[in-house]
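Structure file target-v6.pdb (PDB, C-alpha atoms) is printed below.
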```
MODEL        1
ATOM      1  CA  MET O 124     100.994  92.055  54.524
ATOM      2  CA  GLN O 125     101.644  95.072  52.343
ATOM      3  CA  LEU O 126     103.443  97.505  54.657
ATOM      4  CA  THR O 127     104.993 100.849  53.737
ATOM      5  CA  GLN O 128     107.456 102.725  55.940
ATOM      6  CA  ILE O 129     105.815 105.798  57.438
ATOM      7  CA  GLU O 130     107.176 109.076  56.114
ATOM      8  CA  ARG O 131     109.619 110.817  58.464
ATOM      9  CA  VAL O 132     110.482 114.484  58.975
ATOM     10  CA  LYS O 133     112.840 116.039  61.514
ATOM     11  CA  THR O 134     110.681 119.101  62.245
ATOM     12  CA  ILE O 135     107.445 120.442  60.819
ATOM     13  CA  SER O 136     105.434 123.671  60.747
ATOM     14  CA  LYS O 137     101.839 123.933  61.890
ATOM     15  CA  GLU O 138     100.708 124.683  58.330
ATOM     16  CA  ASP O 139     102.635 121.800  56.777
ATOM     17  CA  PHE O 140     101.402 119.330  59.373
ATOM     18  CA  TYR O 141      97.781 120.358  58.976
ATOM     19  CA  GLN O 142      97.691 120.629  55.181
ATOM     20  CA  ASN O 143      99.760 117.547  54.303
ATOM     21  CA  TYR O 144      98.907 115.117  57.086
ATOM     22  CA  VAL O 145      95.825 116.044  59.165
ATOM     23  CA  LYS O 146      93.770 117.227  56.193
ATOM     24  CA  LYS O 147      94.863 114.252  54.090
ATOM     25  CA  GLN O 148      94.591 111.856  57.068
ATOM     26  CA  LYS O 149      98.102 110.597  56.386
ATOM     27  CA  PRO O 150     100.466 109.307  59.101
ATOM     28  CA  VAL O 151     103.895 110.831  59.713
ATOM     29  CA  VAL O 152     106.762 110.517  62.204
ATOM     30  CA  VAL O 153     108.217 113.791  63.508
ATOM     31  CA  GLU O 154     111.633 113.053  64.952
ATOM     32  CA  GLN O 155     112.490 116.246  66.867
ATOM     33  CA  LEU O 156     109.159 117.619  68.087
ATOM     34  CA  THR O 157     110.151 116.963  71.724
ATOM     35  CA  SER O 158     113.750 118.158  71.543
ATOM     36  CA  ASP O 159     112.987 121.306  73.584
ATOM     37  CA  TRP O 160     110.824 119.537  76.170
ATOM     38  CA  PRO O 161     112.222 118.852  79.659
ATOM     39  CA  ALA O 162     110.863 115.329  79.102
ATOM     40  CA  PHE O 163     113.386 114.728  76.337
ATOM     41  CA  GLU O 164     116.189 114.741  78.901
ATOM     42  CA  LYS O 165     114.289 113.607  81.985
ATOM     43  CA  TRP O 166     111.819 110.934  80.923
ATOM     44  CA  ASN O 167     113.217 107.452  81.400
ATOM     45  CA  LEU O 168     112.166 104.497  83.520
ATOM     46  CA  ASN O 169     114.320 105.473  86.483
ATOM     47  CA  TYR O 170     112.804 108.970  86.545
ATOM     48  CA  MET O 171     109.283 107.496  86.495
ATOM     49  CA  LYS O 172     110.249 105.165  89.327
ATOM     50  CA  GLU O 173     111.570 108.103  91.331
ATOM     51  CA  ILE O 174     108.613 110.428  90.779
ATOM     52  CA  ALA O 175     105.736 107.894  90.794
ATOM     53  CA  GLY O 176     107.164 104.803  92.484
ATOM     54  CA  ASP O 177     104.562 104.723  95.263
ATOM     55  CA  LYS O 178     101.568 104.813  92.906
ATOM     56  CA  VAL O 179      99.612 101.582  92.419
ATOM     57  CA  VAL O 180      99.080 101.095  88.690
ATOM     58  CA  PRO O 181      96.733  98.841  86.655
ATOM     59  CA  LEU O 182      98.446  96.183  84.522
ATOM     60  CA  TYR O 183      97.295  94.297  81.433
ATOM     61  CA  ASP O 184      98.737  91.219  79.748
ATOM     62  CA  ASP O 185      98.082  89.376  76.502
ATOM     63  CA  ARG O 186      95.431  86.937  77.724
ATOM     64  CA  PRO O 187      92.365  86.582  75.459
ATOM     65  CA  VAL O 188      89.245  88.611  76.143
ATOM     66  CA  SER O 189      87.010  86.908  78.709
ATOM     67  CA  PHE O 190      83.296  87.339  79.234
ATOM     68  CA  LYS O 191      84.050  87.585  82.967
ATOM     69  CA  GLU O 192      85.915  90.884  82.504
ATOM     70  CA  SER O 193      84.368  94.284  81.952
ATOM     71  CA  PHE O 194      85.572  96.707  79.262
ATOM     72  CA  ASN O 195      89.313  97.468  79.798
ATOM     73  CA  GLU O 196      89.355  95.720  83.192
ATOM     74  CA  ALA O 197      92.904  95.434  84.576
ATOM     75  CA  HIS O 198      94.456  91.974  85.002
ATOM     76  CA  ALA O 199      96.686  92.911  87.950
ATOM     77  CA  LYS O 200      97.900  95.848  90.042
ATOM     78  CA  MET O 201     101.386  96.694  91.268
ATOM     79  CA  LYS O 202     103.365  99.582  92.701
ATOM     80  CA  MET O 203     105.021 101.549  89.930
ATOM     81  CA  SER O 204     108.448 101.012  91.535
ATOM     82  CA  ASP O 205     107.992  97.235  91.529
ATOM     83  CA  TYR O 206     106.656  97.288  87.975
ATOM     84  CA  ILE O 207     109.634  99.267  86.665
ATOM     85  CA  ASP O 208     112.006  96.887  88.473
ATOM     86  CA  LEU O 209     110.255  94.049  86.649
ATOM     87  CA  LEU O 210     110.587  95.815  83.270
ATOM     88  CA  GLN O 211     114.307  96.326  83.771
ATOM     89  CA  GLU O 212     114.941  92.825  85.089
ATOM     90  CA  LYS O 213     113.394  90.636  82.363
ATOM     91  CA  PRO O 214     110.822  90.541  79.552
ATOM     92  CA  THR O 215     107.217  90.638  80.766
ATOM     93  CA  SER O 216     103.834  90.735  79.055
ATOM     94  CA  TYR O 217     102.479  93.163  81.657
ATOM     95  CA  ARG O 218     101.684  96.616  80.272
ATOM     96  CA  ILE O 219     100.219  99.844  81.600
ATOM     97  CA  PHE O 220      97.489 100.873  79.198
ATOM     98  CA  LEU O 221      95.667 104.205  78.804
ATOM     99  CA  TYR O 222      96.626 105.431  82.286
ATOM    100  CA  ASN O 223      96.312 109.062  83.365
ATOM    101  CA  LEU O 224      99.426 109.049  85.540
ATOM    102  CA  MET O 225      99.565 112.838  85.278
ATOM    103  CA  LYS O 226      96.407 113.038  87.349
ATOM    104  CA  GLU O 227      98.279 111.137  90.075
ATOM    105  CA  VAL O 228     101.577 113.028  89.577
ATOM    106  CA  PRO O 229     100.674 116.548  88.331
ATOM    107  CA  SER O 230     104.316 117.659  88.140
ATOM    108  CA  LEU O 231     104.703 115.479  85.024
ATOM    109  CA  LYS O 232     102.660 118.090  83.148
ATOM    110  CA  ASP O 233     105.562 120.502  83.507
ATOM    111  CA  ASP O 234     107.826 118.165  81.528
ATOM    112  CA  PHE O 235     106.101 118.510  78.140
ATOM    113  CA  LYS O 236     104.615 121.242  75.963
ATOM    114  CA  TRP O 237     101.266 121.053  74.205
ATOM    115  CA  PRO O 238     102.230 121.110  70.507
ATOM    116  CA  ASN O 239     100.837 124.002  68.468
ATOM    117  CA  ILE O 240     100.441 121.791  65.445
ATOM    118  CA  GLY O 241      96.979 122.368  64.015
ATOM    119  CA  LEU O 242      94.952 120.051  66.234
ATOM    120  CA  ASN O 243      92.681 121.067  69.127
ATOM    121  CA  LEU O 244      94.114 118.634  71.648
ATOM    122  CA  ILE O 245      92.010 117.461  74.588
ATOM    123  CA  ARG O 246      93.823 118.886  77.607
ATOM    124  CA  GLN O 247      92.304 116.459  80.111
ATOM    125  CA  LEU O 248      93.615 113.330  78.410
ATOM    126  CA  PRO O 249      97.409 112.969  78.264
ATOM    127  CA  MET O 250      97.638 109.170  78.636
ATOM    128  CA  LEU O 251     100.708 107.044  79.373
ATOM    129  CA  PHE O 252     101.505 103.492  78.232
ATOM    130  CA  PHE O 253     104.327 101.251  79.521
ATOM    131  CA  GLY O 254     105.583  97.892  78.268
ATOM    132  CA  GLY O 255     108.398  95.385  78.720
ATOM    133  CA  GLU O 256     110.647  93.894  76.070
ATOM    134  CA  ASN O 257     108.592  92.015  73.443
ATOM    135  CA  SER O 258     105.255  92.911  75.059
ATOM    136  CA  LYS O 259     102.520  93.583  72.519
ATOM    137  CA  VAL O 260      99.424  95.736  72.226
ATOM    138  CA  PHE O 261      96.803  93.770  70.281
ATOM    139  CA  MET O 262      95.573  95.124  66.956
ATOM    140  CA  HIS O 263      92.729  97.558  67.608
ATOM    141  CA  TYR O 264      91.424 101.038  66.918
ATOM    142  CA  ASP O 265      90.341 103.574  69.501
ATOM    143  CA  ILE O 266      86.741 103.838  70.589
ATOM    144  CA  ASP O 267      86.615 107.614  70.066
ATOM    145  CA  TYR O 268      88.219 107.754  66.564
ATOM    146  CA  SER O 269      90.624 110.427  67.825
ATOM    147  CA  ASN O 270      93.522 111.924  65.917
ATOM    148  CA  ILE O 271      96.481 110.781  68.017
ATOM    149  CA  LEU O 272      99.961 112.182  68.625
ATOM    150  CA  HIS O 273     101.896 109.218  70.027
ATOM    151  CA  PHE O 274     105.255 110.045  71.651
ATOM    152  CA  HIS O 275     107.744 107.364  72.667
ATOM    153  CA  PHE O 276     110.372 107.524  75.425
ATOM    154  CA  HIS O 277     113.135 105.230  76.668
ATOM    155  CA  GLY O 278     114.041 102.649  74.079
ATOM    156  CA  GLU O 279     112.327 101.554  70.887
ATOM    157  CA  LYS O 280     108.846 100.503  69.840
ATOM    158  CA  ARG O 281     107.477  99.051  66.588
ATOM    159  CA  CYS O 282     104.177 100.486  65.340
ATOM    160  CA  MET O 283     102.043  98.868  62.633
ATOM    161  CA  ILE O 284      98.978 100.863  61.562
ATOM    162  CA  PHE O 285      96.143 100.513  59.031
ATOM    163  CA  PRO O 286      93.471 102.978  57.885
ATOM    164  CA  GLN O 287      89.811 102.196  58.477
ATOM    165  CA  ASP O 288      89.265 101.257  54.816
ATOM    166  CA  GLN O 289      91.362  98.140  55.515
ATOM    167  CA  SER O 290      88.939  96.892  58.191
ATOM    168  CA  LYS O 291      87.481  94.427  55.711
ATOM    169  CA  PHE O 292      90.778  92.477  55.797
ATOM    170  CA  MET O 293      91.522  92.738  59.536
ATOM    171  CA  TYR O 294      89.344  89.917  60.946
ATOM    172  CA  LYS O 295      87.494  92.474  63.034
ATOM    173  CA  ILE O 296      85.506  91.096  65.947
ATOM    174  CA  PRO O 297      81.843  92.189  65.621
ATOM    175  CA  HIS O 298      80.584  94.666  68.239
ATOM    176  CA  SER O 299      84.174  95.360  69.189
ATOM    177  CA  LEU O 300      87.271  97.364  68.247
ATOM    178  CA  ILE O 301      89.806  94.552  67.904
ATOM    179  CA  SER O 302      91.045  91.919  65.474
ATOM    180  CA  ARG O 303      91.064  88.249  66.384
ATOM    181  CA  GLU O 304      93.524  87.884  69.231
ATOM    182  CA  ASP O 305      95.101  84.693  67.886
ATOM    183  CA  ILE O 306      96.634  86.570  64.937
ATOM    184  CA  ASP O 307     100.399  87.032  65.236
ATOM    185  CA  PHE O 308     100.885  90.288  63.339
ATOM    186  CA  ASP O 309     104.668  89.857  63.452
ATOM    187  CA  HIS O 310     104.381  86.521  61.605
ATOM    188  CA  PRO O 311     100.815  86.231  60.223
ATOM    189  CA  ASP O 312      99.500  82.809  59.227
ATOM    190  CA  PHE O 313      98.111  83.466  55.754
ATOM    191  CA  GLU O 314      96.662  79.969  55.464
ATOM    192  CA  LYS O 315      94.484  80.534  58.505
ATOM    193  CA  PHE O 316      93.911  84.255  57.866
ATOM    194  CA  PRO O 317      94.210  84.701  54.069
ATOM    195  CA  ALA O 318      92.622  88.167  53.943
ATOM    196  CA  LEU O 319      95.608  89.667  55.740
ATOM    197  CA  GLN O 320      97.618  89.310  52.527
ATOM    198  CA  HIS O 321      95.420  92.052  51.037
ATOM    199  CA  ALA O 322      95.796  94.493  53.943
ATOM    200  CA  LYS O 323      97.737  97.671  53.094
ATOM    201  CA  GLY O 324      99.234  99.491  56.045
ATOM    202  CA  PHE O 325     102.186 101.381  57.427
ATOM    203  CA  VAL O 326     105.025 100.575  59.817
ATOM    204  CA  CYS O 327     107.756 102.401  61.732
ATOM    205  CA  ASN O 328     110.098 101.997  64.677
ATOM    206  CA  LEU O 329     109.767 104.843  67.176
ATOM    207  CA  LYS O 330     112.814 105.839  69.222
ATOM    208  CA  HIS O 331     113.182 108.108  72.241
ATOM    209  CA  GLY O 332     111.469 111.457  71.742
ATOM    210  CA  GLU O 333     109.893 110.667  68.377
ATOM    211  CA  MET O 334     106.216 111.295  67.645
ATOM    212  CA  LEU O 335     103.895 109.266  65.405
ATOM    213  CA  TYR O 336     100.762 110.962  64.095
ATOM    214  CA  MET O 337      97.938 108.421  63.714
ATOM    215  CA  PRO O 338      94.888 109.755  61.845
ATOM    216  CA  GLU O 339      91.424 109.158  63.216
ATOM    217  CA  GLY O 340      90.201 105.587  63.410
ATOM    218  CA  TYR O 341      93.504 103.976  62.390
ATOM    219  CA  TRP O 342      94.059 100.383  63.471
ATOM    220  CA  HIS O 343      97.299 100.014  65.442
ATOM    221  CA  TYR O 344      99.475  97.205  66.752
ATOM    222  CA  MET O 345     102.437  98.041  68.991
ATOM    223  CA  LYS O 346     105.397  95.929  70.061
ATOM    224  CA  TYR O 347     107.955  97.115  72.620
ATOM    225  CA  LEU O 348     111.357  96.147  71.229
ATOM    226  CA  THR O 349     112.880  97.295  74.525
ATOM    227  CA  PRO O 350     111.297  98.288  77.852
ATOM    228  CA  GLY O 351     109.868 101.777  77.528
ATOM    229  CA  PHE O 352     106.812 103.995  77.673
ATOM    230  CA  SER O 353     104.761 106.324  75.497
ATOM    231  CA  MET O 354     102.389 109.252  75.832
ATOM    232  CA  SER O 355      99.364 109.934  73.654
ATOM    233  CA  LEU O 356      97.720 113.311  73.108
ATOM    234  CA  ARG O 357      94.345 113.267  71.415
ATOM    235  CA  ALA O 358      92.040 115.453  69.348
ATOM    236  CA  PHE O 359      88.410 114.772  68.501
ATOM    237  CA  PRO O 360      87.712 113.450  64.989
ATOM    238  CA  ARG O 361      87.268 116.164  62.368
ATOM    239  CA  SER O 362      84.957 114.029  60.227
ATOM    240  CA  PHE O 363      81.282 114.144  61.253
ATOM    241  CA  GLY O 364      80.962 110.517  60.144
ATOM    242  CA  ASN O 365      83.778 109.422  62.459
ATOM    243  CA  LEU O 366      82.402 111.549  65.302
ATOM    244  CA  SER O 367      79.050 109.772  64.866
ATOM    245  CA  LYS O 368      80.792 106.379  64.969
ATOM    246  CA  ALA O 369      82.606 107.423  68.153
ATOM    247  CA  VAL O 370      79.318 108.367  69.826
ATOM    248  CA  TYR O 371      77.805 105.043  68.742
ATOM    249  CA  ASN O 372      80.813 103.087  70.069
ATOM    250  CA  ILE O 373      80.820 104.810  73.448
ATOM    251  CA  PHE O 374      77.105 104.928  74.195
ATOM    252  CA  ILE O 375      75.636 101.949  72.306
ATOM    253  CA  MET O 376      78.173  99.374  71.084
ATOM    254  CA  ARG O 377      80.155  99.129  74.321
ATOM    255  CA  ASN O 378      77.037  98.786  76.478
ATOM    256  CA  TYR O 379      75.431  96.264  74.110
ATOM    257  CA  ASP O 380      78.563  94.115  74.124
ATOM    258  CA  SER O 381      78.768  94.232  77.935
ATOM    259  CA  LEU O 382      75.118  93.195  78.190
ATOM    260  CA  MET O 383      75.631  90.251  75.814
ATOM    261  CA  ARG O 384      78.716  89.084  77.726
ATOM    262  CA  LYS O 385      76.673  88.969  80.932
ATOM    263  CA  TRP O 386      73.753  87.232  79.227
ATOM    264  CA  LYS O 387      75.513  84.658  77.013
ATOM    265  CA  GLY O 388      78.948  84.413  78.621
ATOM    266  CA  GLN O 389      81.713  82.650  76.690
ATOM    267  CA  ASN O 390      79.260  81.651  73.956
ATOM    268  CA  TRP O 391      79.056  85.321  72.981
ATOM    269  CA  ILE O 392      82.864  85.603  72.739
ATOM    270  CA  ASP O 393      83.081  82.383  70.691
ATOM    271  CA  TYR O 394      80.274  83.517  68.380
ATOM    272  CA  LYS O 395      82.001  86.827  67.672
ATOM    273  CA  ASN O 396      85.323  85.112  66.927
ATOM    274  CA  GLU O 397      83.640  82.780  64.448
ATOM    275  CA  ARG O 398      81.826  85.650  62.767
ATOM    276  CA  ALA O 399      85.128  87.514  62.355
ATOM    277  CA  ILE O 400      86.434  84.632  60.218
ATOM    278  CA  THR O 401      83.220  84.224  58.214
ATOM    279  CA  ASN O 402      82.639  87.940  57.607
ATOM    280  CA  THR O 403      86.220  88.646  56.574
ATOM    281  CA  ASN O 404      86.749  85.645  54.297
ATOM    282  CA  LYS O 405      83.564  86.541  52.409
ATOM    283  CA  LYS O 406      85.261  89.771  51.346
ATOM    284  CA  ILE O 407      88.029  87.951  49.452
ATOM    285  CA  GLN O 408      85.963  85.276  47.747
ATOM    286  CA  PRO O 409      86.003  85.590  43.933
TER     287      PRO O 409
ENDMDL
END
```
Whole structure, structure tokens version:
Amino acid sequence: MQLTQIERVKTISKEDFYQNYVKKQKPVVVEQLTSDWPAFEKWNLNYMKEIAGDKVVPLYDDRPVSFKESFNEAHAKMKMSDYIDLLQEKPTSYRIFLYNLMKEVPSLKDDFKWPNIGLNLIRQLPMLFFGGENSKVFMHYDIDYSNILHFHFHGEKRCMIFPQDQSKFMYKIPHSLISREDIDFDHPDFEKFPALQHAKGFVCNLKHGEMLYMPEGYWHYMKYLTPGFSMSLRAFPRSFGNLSKAVYNIFIMRNYDSLMRKWKGQNWIDYKNERAITNTNKKIQP
């Protein structure tokens, strides 16, 4: 694929961030945005184990989507202390995904500052994500088309992102927000998925305390190079078109897909996977 390293800055002003990145819908990594946060010194896996070890958390792995599961249904549950022990002991595919741990442990809110950076961030939705070494977050885009500030802590994480205008090459599953799950985005098979050769995206490795700005609707694939965790802060889409798509996704697409899974079962999943191949390959035919 055609990947460009995401631009990096050490610090940034509110005006610069808004004019050059939010307004232009261009990704950027800000390396030192968290340097004055208590979280910069405190947030590591051992601290999370200490402060939230007794909480039972939902876990997800890399199994394919099943018609038997509802939207974002967890694959397992575990005490946070046991989960962090597992992360530190050996590689695991189990991840914590889109979890509002701060609702369970309100003191975590004192460890970070809401950035005054030109976005009206949604105060109710600071979400945390955890993963073990080599665990992967499948290629997808978010249902609400939010502008996302994605902060990483403890270790290193690889982020591969694509703007929405590249959807035609991504083998998007119809009535869904994901690419085909059998694509290995670290080593794509261009014979099986030839359109991926045309996809133009961005890539970066995030280290402790660094923030990646992902514009609204961007596809993203994440791989934890080491055990670690991230926090996302979100702002509603600025574009009316993207806001309309978000409303459609939340209130129509998601419910329609759930209904079809119940009605047609695995046949619905198989049909959508086949259509992803057919629809995408049509786009690259001469």
Check what the PyMOL selection byres ((chain O and resi 370-387) around 7) selects in the file above and give those residues as a PyMOL selection string.
chain O and resi 190+193+266+298+366-369+388-391
The PyMOL selection byres ((chain O and resi 130) around 10) applied to the shown file, residues as a list in words:
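Applying the expression gives Thr127, Gln128, Ile129, Arg131, Val132, Lys149, Pro150, Val151, Val152, Val153, Phe325, Val326, Cys327 and Leu335 of chain O.
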On this structure, which residues satisfy the PyMOL selection byres ((chain O and resi 221) around 7), written as a list in words?
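Matching residues under the PyMOL selection byres ((chain O and resi 221) around 7) are Ile219, Phe220, Tyr222, Asn223, Met250, Leu251 and Phe252 of chain O.
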Between O:Gln408, O:Phe276, O:Ser355, O:Met337, which one has atoms that come closest to O:Tyr170, using only C-alpha atoms?
O:Phe276
What does the structure give for the distance between atom CA of O:Gln247 and atom CA of O:Val228, in Å to one decimal?
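Separation between atom CA of O:Gln247 and atom CA of O:Val228: 13.7 Å.
For the choices O:Lys213, O:Arg246, O:Lys226, O:Lys147, the atom-to-atom distance to O:Arg357 is smallest for O:Arg246 when using all atoms listed in the file.
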Can you measure atom CA of O:Pro409 to atom CA of O:Tyr294 for me? One decimal in Å is fine.
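Separation of atom CA of O:Pro409 and atom CA of O:Tyr294: 17.9 Å.
Residue nearest O:Tyr341 within the list O:Gln289, O:Asn239, O:Asn396, O:Ser204: O:Gln289 [criterion: smallest interatomic distance, only C-alpha atoms].
Among the candidates O:Glu333, O:Glu196, O:Asp233, O:Glu314, the residue lying nearest to O:Leu272 is O:Glu333 (atoms considered: only C-alpha atoms).
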What does the structure give for the distance between atom CA of O:Gly351 and atom CA of O:Asp159, in Å to one decimal?
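Between atom CA of O:Gly351 and atom CA of O:Asp159 the gap is 20.2 Å.
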Nearest to O:Thr349: which of O:His310, O:Arg361, O:Lys291, O:Lys280 is it, counting all atoms listed in the file?
O:Lys280
Determine, counting only C-alpha atoms, which protein, DNA and RNA residues have an atom within 10 Å of an atom of O:Ile245; residues of the same chain fewer than 2 positions away are not included. Present the result as a PyMOL selection string.
chain O and resi 237+242-243+247-249+269+356-359
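Compared by their closest atoms to O:Cys282, and using all atoms listed in the file, the residues O:Pro297, O:Gly255, O:Gly340, O:Gly324 rank with O:Gly324 nearest.
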Counting only C-alpha atoms, find residues at most 12 Å from (107.3, 90.5, 81.4) (file frame) and give them as a ChimeraX atom specification.
/O:182-185,206-219,253-259,347,349-350
